[in-house]
Structures are given as structure tokens and as C-alpha cells.
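> This is the structure, below, for whatever I ask next.
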Amino acid sequence: MLYAAAITTFFFVGGAAATLIRLELATPASDLVSAETYNKLFTIHGVIMVWFFLIPSIPAVLGNFLVPLMVGAKDMAFPRLNLASWYLYVLGGIFTVATLLAGGVDTGWTFYTPYSTMFSNGAVLLAVCGVFVVGFSSILTGLNIIVTVHRLRAPGLTWFRLPLFVWANYATSLILLLATPVLAMTLVLVALERFFYVGVFDPSRGGDPLLFQHLFWFYSHPAVYIMVLPAMGVASEIIPCFARRPVFGYRFMAYAILAIASIGFLVWGHHMFVSGQSLYAGLVFSLLSFLVAIPSAIKVFNWTATLYKGSITFSAPMLYALGFVGLFTIGGMTGLFLASIALDVHLTDTYFVIAHFHYIMVGGSVMCYLGGIHFWWPKISGRMYPEGWGRAGALLIFFGFNLTFFPQYLLGWLGMPRRYHEYPPELQLLNVFSSAGAVVLALGYLLPLGYLGWSLFFGRKAPDNPWGATGLEWQTASPPPKHNFRDIPEVHAGPYGYDPAR
Amino acid sequence: MNATTPLWALPAASDTASRVDALFLVVLAVTGAVTLAIFAVMAVFAIRYRRGSPAQRASPPTQSRVVELTWTFTPLAVFLCFFAWAALVYGSFYRADPAAMTIYVVGKQWMWKAQHANGRREIDELHLPAGQPVRLVLSSEDVIHSFFVPAFRIKQDAVPGRYTAISFTPTRPGVYRLHCAEYCGTDHANMGGRVYVMQPAAFAQWLEQGPSGASLAAQGFELFRRLGCSGCHDARSSVHAPELDGVYGRTVHLADGRTIVADEPYLRDSILLPKKDVVAGFEPIMPSFQGQVSEADLSALISFLKSLQPGGPSGK
Amino acid sequence: MKTLVLVWVALLALLAATAASSFVPLGGWNSAINLAISCAKALLVAIFFMHLRHAGALLRLVAVAALLWLGILFGLSSADFGARTISPAPWSLRY
Amino acid sequence: MATIPLASAEAGAERARLGMWLFLATEAMFFGPLFFGYVHSRLADSAAFASGSHHMHFWLGTINTAVLLTSSFTMAISVHGKERIRGTLGLTFVLGAAFLLIKGYEYGSEIPEVLAAKGAEQVFYLLYFAMTGLHAIHLLIGLGLVAWLFLSAHGRRAGTPVEIVGLYWHFVDAVWLFLYPMFYLLERYSA
């Protein structure tokens, strides 16, 4: 709950920055904000959305609440660590707010050297501290989830009886644990280089700016999977429930999650195809990038197959989940263009990339975060949200999202580079579409904030299991009592025991 | 010939552009078809199996090894084809034609500076002959930049402290946009210009106009004389100034007792801030050249000084 | 208890070996020997002092995973640095 | 709800053990970029690194390694011992503190050299300070934990807290085993 409030706040700060960016880009000239302000806006948008929203959203808000419920445990393995992790998140947030107060930072969320170490005048150190601290918050969350899944499963709950949401959060936690420390140390090196001129990234002293990129993307590419794997977990809970049938190919889905998490560590070099990385390294990373697309494809096929012979209701969570599958498919398919190394040369650092990763992160993670919030809202709050408003919100967000980001694919192919506050005037029409979409999208995000807030006080009292779902979390009261269950449940079968004929 | 070809037309103005476009269209066709098929299947299922529809729902399949293996290995095969094709095209960016014309391009906040083999320089513009293979050698004076010409479908980062290169052959005369694609600071969006692809004869004529020099070091030697450096630093000069033969990399003893290695930052400081590090045994009489020499002049001067190695060929 | 003493003696012996070997000029082999001895010492510490010898499969897996992932970081990054070709600088082409 | 105290204590120990090992895995990844940066910079200019290494205090570094190894040994005895472990815990603390004192003396005598150094040799020194400094911070945390064990009831009897702190202590020790040859032993023969 504490997490939900803090993360929602940051989502809207980051969202406000995004809205300003799109408003500036409604015209080709620089008119609303100056170049410097624009650069600070997209940096703070990136930093907040990546580290303060997307990464902690599902694991910290839904994961901390649901993983113990789903494995039939009284609480997380280390409850105090959980609280510590929240304090670290807030501390990191304070640093980030301090960055804003100190005048912002203009390095881009990627902090590329030598710009960040030697040329930027922004509050790089504060921003780096913020990310460093929040990184430890994620590490502690990940550690907690892993130990919980390993050690606190209810009697009879074997690995292949775990819901896919638990699998997804488990795999995500592995990435959090193995990747985040590398980012933390890399940022320490940036700070040391900026103030003591260590020289590890400085070519005149035997360093290399590309070394930073290797270290940075070693974390930041797997971080994409930190964002999207939990979303896949949410979709894998919602779709079977509203299709009233077991998920198709449960074991393959679980293996696919593990495959994505591990192969995801081997592909970071595809962010560096034009960076001056060696040709051969580029080719290896291109091949590995195609390999990581396969488990993702399997998941899309299996979700689609889960609809077959189902009995489908289109409630708000289901609309979000189906929207997710559609947007994730488009995002994934366009990822193949970027993995095709020769195409990436033209497309990288253009709006094509922007569109691609927003389809994955916003179309994927945010859709499922909202879907998950709606799905488990009765369990979390003990109240029902207004279904009509929920469906309207889901449709509005889906429409606004596509209007915002689809034109950006075309812009990217036509060669509009990213991080430009001015652009060639012939590209205005597509930019206007995109900016209009952003306004719709912003309204779409305000809608759930409004009616969910309303339902917290005035919503109908929720029964224990409003969706007729089979997960362990639905077998206890809404909201759950202090120790989740009155008696620790025993499990005798796999998840998703739905029957469409009933 | 002066109007820039608009980006919405996305002209294909190089051999690389046509190769990339062919790959793009095939990938687009395959992924587009699969995406539409997935959406169609989802739509059909969603309508047919909506709650309360009369569709038959007995024993829905929960897994099928055959089906799942099929949709694991079919994409794998397709992906391997994409990979191989893309890798071949990518390789061609970096395999320079032996007859390729080499042009040095330096990125700097926030401009592109190019220098042709005969010494002709240009800023934020690049003139190229149609039909002639070109190899761009890129570097940067400050942060990472990226040389991006959408009409050629090429992009290559310019990294400080080292050189990167990319090869292509411009095919269609015209004027095209040039951008910086790697975020490089405040005026990143304005760092760009025009690429002029000309008929070979017109290009040859263009190349002959304007100043030229044999090389950066030779230009540095010119500057060395023009700015009056040689008046004092020449061995025959009556002024008591340090001899500069082999100065680069030498350990220099300073008047205040420190020792310093004469590296590039030191040479740069000596030209711009001569009072900062005075060499032991010499009077601080050298005037500052701050504001008189540009970055490009500085790098020419320094590379001239670097060429004055014992045993090596010198500019004299 | 006896094992611990033996391990401690072995560790000190290895320390003496690595310090002594660094005074023998062996070129690149000095670093290789130092690295190998460090690995041996770290293994002794992990297996005996940190009880990996008696630990379950899961803990061993965690220990191996960390090393494996460090290997991925080092290996794939080195693949880039090892395979780079740098174009000649203009001033290296003498006039 | 029936609880079996013994079983739940053992379950808690299992949780803590797994948690600590996972944490140490993240610590290993945390040190990773520094080690990689070291390798990269050293390969770029190994002569400068060797000459930087010659300015290190060989004997102090070697003695310190022995001190730290011995502290690990006393820590292992504490974990192994059943009762009356306060003696070995105290010894561990004293050895750890001795390490830091020697290290502090080295730092003090090396600072002028760092200021005088140039180019890649300065990179060597700064990496040395960054890596050994980070190690020293870890050791300081370890000292705090050992002191806490010593002063609290845990010091009377070996148990899970002693074991967990021991894991951490040994890990910090193992990191030093790599730092020692990287900084002290480069081309010693030519010094």
C-alpha cells in the first residue's frame, strides 16, 4: 500500500514530463520550452519512469502483496527487509526530487560517458545517488521474493503448481539480483570519474567510453525484462480467469519465463550496433537477440490459444490483458527489426526505437499493471471498482496509446532522431497525431486514479472471490487478515482449475 | 539542387539504402502477416467463445507438445534467415572498397567538420560524388556523437579518443539531411546539416575550389610559421625559447620544480596558457594565443608538434 | 576443528607462494599464477570456512550462478574489446 | 496453529542462509564492474600499472593479507565452536581492526604519490583507492557486525546470527585475496 501510493506519485510526475515533451513536439520549432529544459524533461521522464515506476511497479506493489498469498504463506520471508526496501525507495525518491530542485539533469536516463562525466552541467551526482539507492531497494525486494518462493511454499505446492505470476516474479527477482549491482557500481564509477577523474571511461588515460555502455546495458537490457516479465505474469493470471479455462501449455509458459530471464542477459550489445563496438561482437549479439524473441513468441501464441474453447467475459482486467497481448505482439515484432543488425543501423536512436520500447513498457508493463490493479483491487482494498468506468478507461488508454506511439514508428523509419526538441518541418503531421494521442492517454490515466480513489470509500464491498478465480489468494478474506490465512492451505492440484463448460 | 529532399519521401540515395530497404520490406511483410494472423485468430476466438455463445467447449486442450514445438522452431528458422541476411548487409557497411575515397569527419558540440584528402574542409556540409565508394572515418572532439544520413540508411557513432569508420556508395545526386543521432548536449537537435551528392565532374570542380593542404600536420606547420612560433622556437633564433624537436612525450622540468610529461593537454595549455607551466631555465615571455587559434588549428598545431620526433619525418 | 587449522595453514602457504612467485620474472605468467592462487584461496575459504562443503544444492547453485554471471559480463564485453579493429589515424599516415 | 519450535528455528536458519548467499551473489556482481574496469585499464597501459604497483608497500600488504586470513580463521572457529566463542570473536575483531589500521597508515603515506602521478599511473592509484576503499567500507560493516555479536547474547553461543555474519566476513576476506595480487604484486621482480 505504501508502495502503491509512492509509485503512483512518481508515475504522474514522470507522466507530466512526458506530456510536456509531447506538447513541445507538436510543432517542429522550439517554442514551448528551451532546448536545455527539453533535455532535462526527457531525462527526468526516463529516470522516473524506468527506476521509480516500471521496475518497482508490479514486483513491489503486486508482488509483495500477492506472492505470499499465492504460495500460501503468512508473509514475505523477511518482512522487515520489505519495509527497509520501501524506505530506500523513498530515500531514492528524495534524491530524485532534490535533483529536480537543484535544476535537473540533462544526460538522458542512460548517463552516457563522457557527456555525463565531463561535459554535463546538471546535478548528475544527485540523480546517480537516487538511482543507486533505489537500486538497492529493488535488490532487497528481489531477494525477499526469491527466498519466499523457495522456502515458504504451502504444503503440496510444488514448483509446477505455482501460478505463472509467481514464476514471473521469481525470474524477475533473479534478474534484479544479478543485474542491479552492476548498474550500481557503474554509477559509482561515473560519480568517481566526475569528481576524482578516475579515468576508466576516459580514452586519454587508457579508458573507454564504450566500457560504460557495456556495463550500463548489462543491467539495462535485462531491466527491460524486469519490467515486462511481471506483466506477462499478470496477463497469465487474468486471461485464464476470464476465459474460464486453464492456460494453454503451462509448463512451456514457465520455461519461457526462465528462458527470457536468462537469455535476456546475453543480448545487451544490441544497444551498441553503431557505437563502434567490434563487428563480430555485434553479430553475436544480433543472433542472441533473435533467440530471446522465441520464448516471447511462444508466450503470445499460448495466450492466444488459451482463448480457444473458453467462455470469455470482457471485464476491465480482461480488456487490459488482451490489449497487452496485442500491443506486446506489435512491440515484439518491431523488436525483430531492431535485432536485424543492418536495419538497426538505420533505426537505432530514432523514434522507431522510442515506439518499440514504449509498446513493450507502456503497452506491456503499464497495461498489465493497471489490469492487475483492477483484477486484484477487490482483494487489496476490499471494495469493487465501477465496472463501466473500468472498461471505458481501458478502451480510452488503448486508443490513446496507439495514437501516441504508432505514428512514432513511421517517424523513426523516416529518420527522425530521438531526443530532438526541433525536427524537420515535413514531419509535423505525424508528430501532431502523436501529441494528440498523448493528451488522450493522459486523460485515460487520470480516469482510473479518479474512480479507484472513489471506490476506496464508496465502492461496493467486495466478496472474497468476485471473479470465481482459483488462486490461493482468493481463498482468504478481502482484504486478507493480518497473517493472510487463518489456516495455512494445502494444495493438491496445479493452478487454473477452470472449466469453461460450467 | 538546393532544396533538401523531404524526409517523408525517404529517398534511397546510396547502395546501402537499397540493400537495407529490401531487407526491411521482407521483414515487414513477414512480421506484418504474422501479426495480422494473430490478431485475426484472437478476434475470432473472442467472438466465437464469448460467454453465453453456443460454441462447443468440451475438453479444451491444455497442452500439446507437437503444437508448441512447432511454434518454437518455426520462428527460430525464420529468425535465423533474418539474422543471416541482416548480417551480410551489415558486413558491407564495414568492408571498404580499395578504391574508396576516405574523408575524415570530426564531431564537436554541436557541428560536423569534414576534411577531404586534398585538405578541403567543410562544416555541417558534406559534398560527395555520385557513384564513388566513400569511407568516412569519424572521431569526436568531446562527447559521443552519431553521424546519421537517413537517405543513405547509415549511422555511425563518433567516439572521442578513437576512430570509427563506415563505407557506402552514394548513388543519387541530390541534397539530403544530416543529423546527429547520439544525444550530445543542449543543441543536439540542431547538430546537423546537408549532404550534397554531386555528379563526379561537378564534384571534382568543387573539390578544387577553396583552400587545401597536404595534411593536418602540414597545415600545422603552416600555422607554426604564420603565427610566428618559428621566430622564437627555431634553433637559429636569437630568442631564448625551448627547442621543440621531440618535445612530445618528453618529461619537462618546470620552473617551480615540478616535472610534467609534454602530452597533448600540456601542449595545448602551453599555447593557450603559456604562464601556467613555465619550463625551467626560460623566461615567461611567450604570448598567449587564447582566442587566436581555433580548435581545428590547435589540433593541426599539436599534430605538427607530434610529428617532430627524432628520426621521424618532420614538416621542415 | 582440525580441518580449519589445516585450511588456515594452507592459506598462509599459498600467500607465501604468491608473494614469492612475484619476484621471479615470468612475464604474463606472473599474473596467471597470482590469479590461479587467488582462486585457490577463495575456493578454500568458500568450501571450508563458508561451509559450501556441507551446503545444499541450492546454496551451491547460488554461488555458481554469481560466478557464471560475472563470467558473462567479462566474457561478452571482452569479446568486443578483443575483436576491435581501429582505423589508422590521419596523422599516422605520414606525408 | 501448532508450531514446532525446533523445526521453525531451523526453517528460519535456512531462510537466513539462503538470503545471505543471495546477498553475497549481488555483492560479487557489485564488485564486478570495478574488476573489469581494472582489467581494461591495465591492459591499456600495463607499464604504468607496474610502476604504480612498485610504490605500494609490499610488506604491509602481505602482512595485511595474512592478518585478514587469520581473522577469517578465527571467525570460522567461532562459527564452528559451540560455546564460549567470545574469545575468538574478539580476536576476529582485533585482527579486522588491525587490518584497517595498517591500511589507514598505507593510505596516509600514499597520498602524496597519487597527487604527483600522471596519466595511466594515476588511474592505477585511483582504482586502488576505489577498490580497496570499497573493501575497507565492507570490512568496517563487518567489524560493526562482529562487535554486535560480541556484545549481544549471540556472543555467548554459536548460532544462526554468528553463521550469517561469518559468511559475510569470509566473503569480504575472499575479495581481498584478489585485490592483493592486483595491486601489490605487479612485476615485483623489476622493482
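Residues in the C-alpha cells are numbered from 1 in each chain, the chains being A, B, ... in the order shown, and ligands are numbered from 1 in the order shown.
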Kindly provide, as a PyMOL selection string, the residues of chain C having any atom no farther than 8 Å from an atom of chain D, counting only C-alpha atoms.

chain C and resi 1+4-5+8+11-12+15+18-19+22-25+27+30-31+34-35+38-39+41-42+45-46+49-50+59+62-63+65-67+69-70+74

> As a PDB file with C-alpha atoms, in the first residue's frame, could you give me every residue of chain D near chain B (at most 12 Å apart, counting only C-alpha atoms)?


ATOM      1  CA  LEU D 115      48.909  13.704  -6.334  1.00  0.00           C
ATOM      2  CA  ALA D 116      52.214  13.561  -8.196  1.00  0.00           C
ATOM      3  CA  ALA D 117      51.154  10.739 -10.539  1.00  0.00           C
ATOM      4  CA  LYS D 118      50.042  11.361 -14.118  1.00  0.00           C
ATOM      5  CA  GLY D 119      48.017   9.582 -16.776  1.00  0.00           C
TER       6      GLY D 119
END

> Mind listing as an mmCIF file with all heavy atoms, in the first residue's frame which residues of chain C are within 10 Å of chain A, counting only C-alpha atoms?


data_model
loop_
_atom_site.group_PDB
_atom_site.id
_atom_site.type_symbol
_atom_site.label_atom_id
_atom_site.label_comp_id
_atom_site.auth_asym_id
_atom_site.auth_seq_id
_atom_site.Cartn_x
_atom_site.Cartn_y
_atom_site.Cartn_z
ATOM 1 N N LEU C 58 21.029 -25.917 -3.451
ATOM 2 C CA LEU C 58 20.554 -24.564 -3.761
ATOM 3 C C LEU C 58 21.641 -23.526 -3.500
ATOM 4 O O LEU C 58 21.910 -22.669 -4.326
ATOM 5 C CB LEU C 58 19.311 -24.265 -2.923
ATOM 6 C CG LEU C 58 18.638 -22.945 -3.223
ATOM 7 C CD1 LEU C 58 18.201 -22.886 -4.676
ATOM 8 C CD2 LEU C 58 17.461 -22.734 -2.301
ATOM 9 N N ALA C 65 26.067 -19.504 -9.720
ATOM 10 C CA ALA C 65 25.361 -18.562 -10.594
ATOM 11 C C ALA C 65 26.051 -17.206 -10.589
ATOM 12 O O ALA C 65 26.245 -16.595 -11.637
ATOM 13 C CB ALA C 65 23.905 -18.421 -10.162
ATOM 14 N N ALA C 66 26.456 -16.755 -9.399
ATOM 15 C CA ALA C 66 27.107 -15.449 -9.331
ATOM 16 C C ALA C 66 28.374 -15.449 -10.178
ATOM 17 O O ALA C 66 28.616 -14.519 -10.951
ATOM 18 C CB ALA C 66 27.438 -15.108 -7.885
ATOM 19 N N TRP C 69 27.521 -15.521 -13.919
ATOM 20 C CA TRP C 69 27.038 -14.243 -14.474
ATOM 21 C C TRP C 69 28.172 -13.235 -14.571
ATOM 22 O O TRP C 69 28.226 -12.452 -15.502
ATOM 23 C CB TRP C 69 25.863 -13.732 -13.654
ATOM 24 C CG TRP C 69 24.574 -13.928 -14.388
ATOM 25 C CD1 TRP C 69 23.851 -12.972 -15.033
ATOM 26 C CD2 TRP C 69 23.869 -15.156 -14.582
ATOM 27 N NE1 TRP C 69 22.756 -13.535 -15.632
ATOM 28 C CE2 TRP C 69 22.735 -14.863 -15.379
ATOM 29 C CE3 TRP C 69 24.086 -16.480 -14.209
ATOM 30 C CZ2 TRP C 69 21.817 -15.837 -15.779
ATOM 31 C CZ3 TRP C 69 23.182 -17.455 -14.606
ATOM 32 C CH2 TRP C 69 22.064 -17.130 -15.363
ATOM 33 N N LEU C 70 29.103 -13.284 -13.613
ATOM 34 C CA LEU C 70 30.291 -12.445 -13.746
ATOM 35 C C LEU C 70 31.056 -12.842 -15.000
ATOM 36 O O LEU C 70 31.558 -11.993 -15.735
ATOM 37 C CB LEU C 70 31.198 -12.612 -12.525
ATOM 38 C CG LEU C 70 30.992 -11.651 -11.360
ATOM 39 C CD1 LEU C 70 32.007 -11.945 -10.280
ATOM 40 C CD2 LEU C 70 31.120 -10.210 -11.812
ATOM 41 N N ILE C 72 29.743 -14.035 -17.707
ATOM 42 C CA ILE C 72 29.027 -13.489 -18.859
ATOM 43 C C ILE C 72 29.417 -12.031 -19.074
ATOM 44 O O ILE C 72 29.739 -11.596 -20.182
ATOM 45 C CB ILE C 72 27.506 -13.610 -18.657
ATOM 46 C CG1 ILE C 72 27.076 -15.077 -18.697
ATOM 47 C CG2 ILE C 72 26.758 -12.815 -19.710
ATOM 48 C CD1 ILE C 72 25.623 -15.288 -18.345
ATOM 49 N N LEU C 73 29.428 -11.263 -17.980
ATOM 50 C CA LEU C 73 29.781 -9.845 -18.076
ATOM 51 C C LEU C 73 31.184 -9.677 -18.647
ATOM 52 O O LEU C 73 31.395 -8.922 -19.592
ATOM 53 C CB LEU C 73 29.686 -9.197 -16.686
ATOM 54 C CG LEU C 73 30.219 -7.778 -16.561
ATOM 55 C CD1 LEU C 73 29.384 -6.819 -17.384
ATOM 56 C CD2 LEU C 73 30.236 -7.314 -15.118
ATOM 57 N N PHE C 74 32.127 -10.437 -18.077
ATOM 58 C CA PHE C 74 33.509 -10.301 -18.532
ATOM 59 C C PHE C 74 33.658 -10.840 -19.949
ATOM 60 O O PHE C 74 34.278 -10.215 -20.798
ATOM 61 C CB PHE C 74 34.456 -11.062 -17.585
ATOM 62 C CG PHE C 74 34.810 -10.299 -16.345
ATOM 63 C CD1 PHE C 74 33.824 -9.654 -15.613
ATOM 64 C CD2 PHE C 74 36.115 -10.209 -15.917
ATOM 65 C CE1 PHE C 74 34.147 -8.941 -14.467
ATOM 66 C CE2 PHE C 74 36.452 -9.484 -14.774
ATOM 67 C CZ PHE C 74 35.467 -8.861 -14.038
ATOM 68 N N LEU C 76 31.471 -11.552 -22.588
ATOM 69 C CA LEU C 76 30.885 -10.913 -23.766
ATOM 70 C C LEU C 76 31.441 -9.508 -23.968
ATOM 71 O O LEU C 76 31.567 -9.047 -25.101
ATOM 72 C CB LEU C 76 29.357 -10.885 -23.661
ATOM 73 C CG LEU C 76 28.662 -12.173 -24.100
ATOM 74 C CD1 LEU C 76 27.171 -12.108 -23.836
ATOM 75 C CD2 LEU C 76 28.901 -12.449 -25.569
ATOM 76 N N SER C 77 31.780 -8.794 -22.882
ATOM 77 C CA SER C 77 32.396 -7.483 -23.057
ATOM 78 C C SER C 77 33.771 -7.630 -23.689
ATOM 79 O O SER C 77 34.127 -6.885 -24.603
ATOM 80 C CB SER C 77 32.530 -6.744 -21.726
ATOM 81 O OG SER C 77 31.295 -6.630 -21.097
ATOM 82 N N SER C 78 34.522 -8.617 -23.196
ATOM 83 C CA SER C 78 35.857 -8.821 -23.754
ATOM 84 C C SER C 78 35.776 -9.215 -25.217
ATOM 85 O O SER C 78 36.670 -8.890 -26.000
ATOM 86 C CB SER C 78 36.601 -9.910 -22.996
ATOM 87 O OG SER C 78 36.574 -9.624 -21.627
ATOM 88 N N ALA C 79 34.688 -9.908 -25.596
ATOM 89 C CA ALA C 79 34.526 -10.293 -26.993
ATOM 90 C C ALA C 79 34.568 -9.045 -27.867
ATOM 91 O O ALA C 79 35.122 -9.058 -28.963
ATOM 92 C CB ALA C 79 33.204 -11.035 -27.190
ATOM 93 N N ASP C 80 33.989 -7.948 -27.382
ATOM 94 C CA ASP C 80 34.040 -6.698 -28.134
ATOM 95 C C ASP C 80 35.457 -6.149 -28.153
ATOM 96 O O ASP C 80 36.034 -5.924 -29.213
ATOM 97 C CB ASP C 80 33.068 -5.695 -27.518
ATOM 98 C CG ASP C 80 33.230 -4.307 -28.104
ATOM 99 O OD1 ASP C 80 33.754 -4.208 -29.226
ATOM 100 O OD2 ASP C 80 32.834 -3.335 -27.449
ATOM 101 N N PHE C 81 36.036 -5.978 -26.951
ATOM 102 C CA PHE C 81 37.355 -5.331 -26.898
ATOM 103 C C PHE C 81 38.408 -6.153 -27.636
ATOM 104 O O PHE C 81 39.327 -5.611 -28.236
ATOM 105 C CB PHE C 81 37.767 -5.084 -25.448
ATOM 106 C CG PHE C 81 36.894 -4.066 -24.783
ATOM 107 C CD1 PHE C 81 36.001 -4.421 -23.787
ATOM 108 C CD2 PHE C 81 36.943 -2.740 -25.184
ATOM 109 C CE1 PHE C 81 35.184 -3.474 -23.190
ATOM 110 C CE2 PHE C 81 36.133 -1.786 -24.595
ATOM 111 C CZ PHE C 81 35.252 -2.154 -23.600
ATOM 112 N N GLY C 82 38.263 -7.480 -27.572
ATOM 113 C CA GLY C 82 39.250 -8.323 -28.220
ATOM 114 C C GLY C 82 39.168 -8.291 -29.739
ATOM 115 O O GLY C 82 40.159 -8.539 -30.413
ATOM 116 N N ALA C 83 37.988 -7.993 -30.273
ATOM 117 C CA ALA C 83 37.801 -8.125 -31.722
ATOM 118 C C ALA C 83 37.747 -6.778 -32.435
ATOM 119 O O ALA C 83 37.325 -6.681 -33.568
ATOM 120 C CB ALA C 83 36.524 -8.924 -32.001
ATOM 121 N N ARG C 84 38.160 -5.734 -31.743
ATOM 122 C CA ARG C 84 38.068 -4.420 -32.376
ATOM 123 C C ARG C 84 39.209 -4.162 -33.338
ATOM 124 O O ARG C 84 40.341 -4.535 -33.094
ATOM 125 C CB ARG C 84 38.098 -3.344 -31.310
ATOM 126 C CG ARG C 84 36.717 -2.924 -30.945
ATOM 127 C CD ARG C 84 36.803 -1.684 -30.140
ATOM 128 N NE ARG C 84 35.738 -1.710 -29.176
ATOM 129 C CZ ARG C 84 35.685 -0.909 -28.144
ATOM 130 N NH1 ARG C 84 36.655 -0.052 -27.924
ATOM 131 N NH2 ARG C 84 34.666 -0.971 -27.333
ATOM 132 N N THR C 85 38.907 -3.503 -34.413
ATOM 133 C CA THR C 85 39.980 -3.010 -35.269
ATOM 134 C C THR C 85 39.851 -1.508 -35.286
ATOM 135 O O THR C 85 38.773 -0.972 -35.433
ATOM 136 C CB THR C 85 39.842 -3.545 -36.694
ATOM 137 O OG1 THR C 85 38.502 -3.313 -37.123
ATOM 138 C CG2 THR C 85 40.164 -5.009 -36.769
ATOM 139 N N ILE C 86 40.937 -0.818 -35.114
ATOM 140 C CA ILE C 86 40.889 0.634 -35.079
ATOM 141 C C ILE C 86 41.468 1.178 -36.375
ATOM 142 O O ILE C 86 42.564 0.822 -36.783
ATOM 143 C CB ILE C 86 41.659 1.165 -33.855
ATOM 144 C CG1 ILE C 86 40.939 0.680 -32.600
ATOM 145 C CG2 ILE C 86 41.744 2.684 -33.881
ATOM 146 C CD1 ILE C 86 41.671 0.966 -31.327
#

> Where does DSSP see alpha helix (DSSP H) in chain C, if you list the residues as a VMD selection string?

chain C and resid 2 to 21 28 to 44 57 to 82

> Specify as a ChimeraX atom specification all residues of chain A found within 9 Å of chain D, counting only C-alpha atoms.

/A:77-78,139-140,143-144,146-148,150-152,177-186,189,192,196-201,204-208,211,215,486-488

> Would you tabulate, counting only C-alpha atoms, all residues of chain B that have an atom at most 6 Å from an atom of chain A, showing the closest pair of atoms and their distance in Å to one decimal, sorted by chain then ascending number, as a Markdown table?


| residue | atom | partner | partner_atom | distance |
| --- | --- | --- | --- | --- |
| B:Leu7 | CA | A:Leu414 | CA | 5.9 |
| B:Leu10 | CA | A:Leu414 | CA | 5.7 |
| B:Met42 | CA | A:Thr304 | CA | 5.9 |
| B:Phe45 | CA | A:Tyr308 | CA | 5.8 |
| B:Tyr49 | CA | A:Ser311 | CA | 5.3 |
| B:Arg50 | CA | A:Ile312 | CA | 4.4 |
| B:Arg51 | CA | A:Ser311 | CA | 4.6 |
| B:Arg57 | CA | A:Lys309 | CA | 4.8 |
| B:Pro60 | CA | A:Lys309 | CA | 5.6 |
| B:Thr62 | CA | A:Phe248 | CA | 4.7 |
| B:Gln63 | CA | A:Gly249 | CA | 4.4 |
| B:Phe83 | CA | A:Ser340 | CA | 5.8 |
| B:Ala86 | CA | A:Ala342 | CA | 5.0 |
| B:Val89 | CA | A:Ala342 | CA | 5.8 |
| B:Tyr90 | CA | A:Ala342 | CA | 4.6 |
| B:Val143 | CA | A:Tyr115 | CA | 5.4 |
| B:Pro150 | CA | A:Gly415 | CA | 5.2 |
| B:Arg153 | CA | A:His346 | CA | 4.8 |
| B:Ile154 | CA | A:His346 | CA | 5.7 |
| B:Lys155 | CA | A:Val345 | CA | 5.7 |
| B:Gln156 | CA | A:Val274 | CA | 5.0 |
| B:Asp157 | CA | A:Ser275 | CA | 5.0 |
| B:Gly161 | CA | A:Pro203 | CA | 5.1 |
| B:Thr164 | CA | A:Gly276 | CA | 5.8 |
| B:Ala181 | CA | A:Pro417 | CA | 5.5 |
| B:Thr186 | CA | A:Glu36 | CA | 5.3 |
| B:Ala189 | CA | A:Tyr420 | CA | 4.5 |
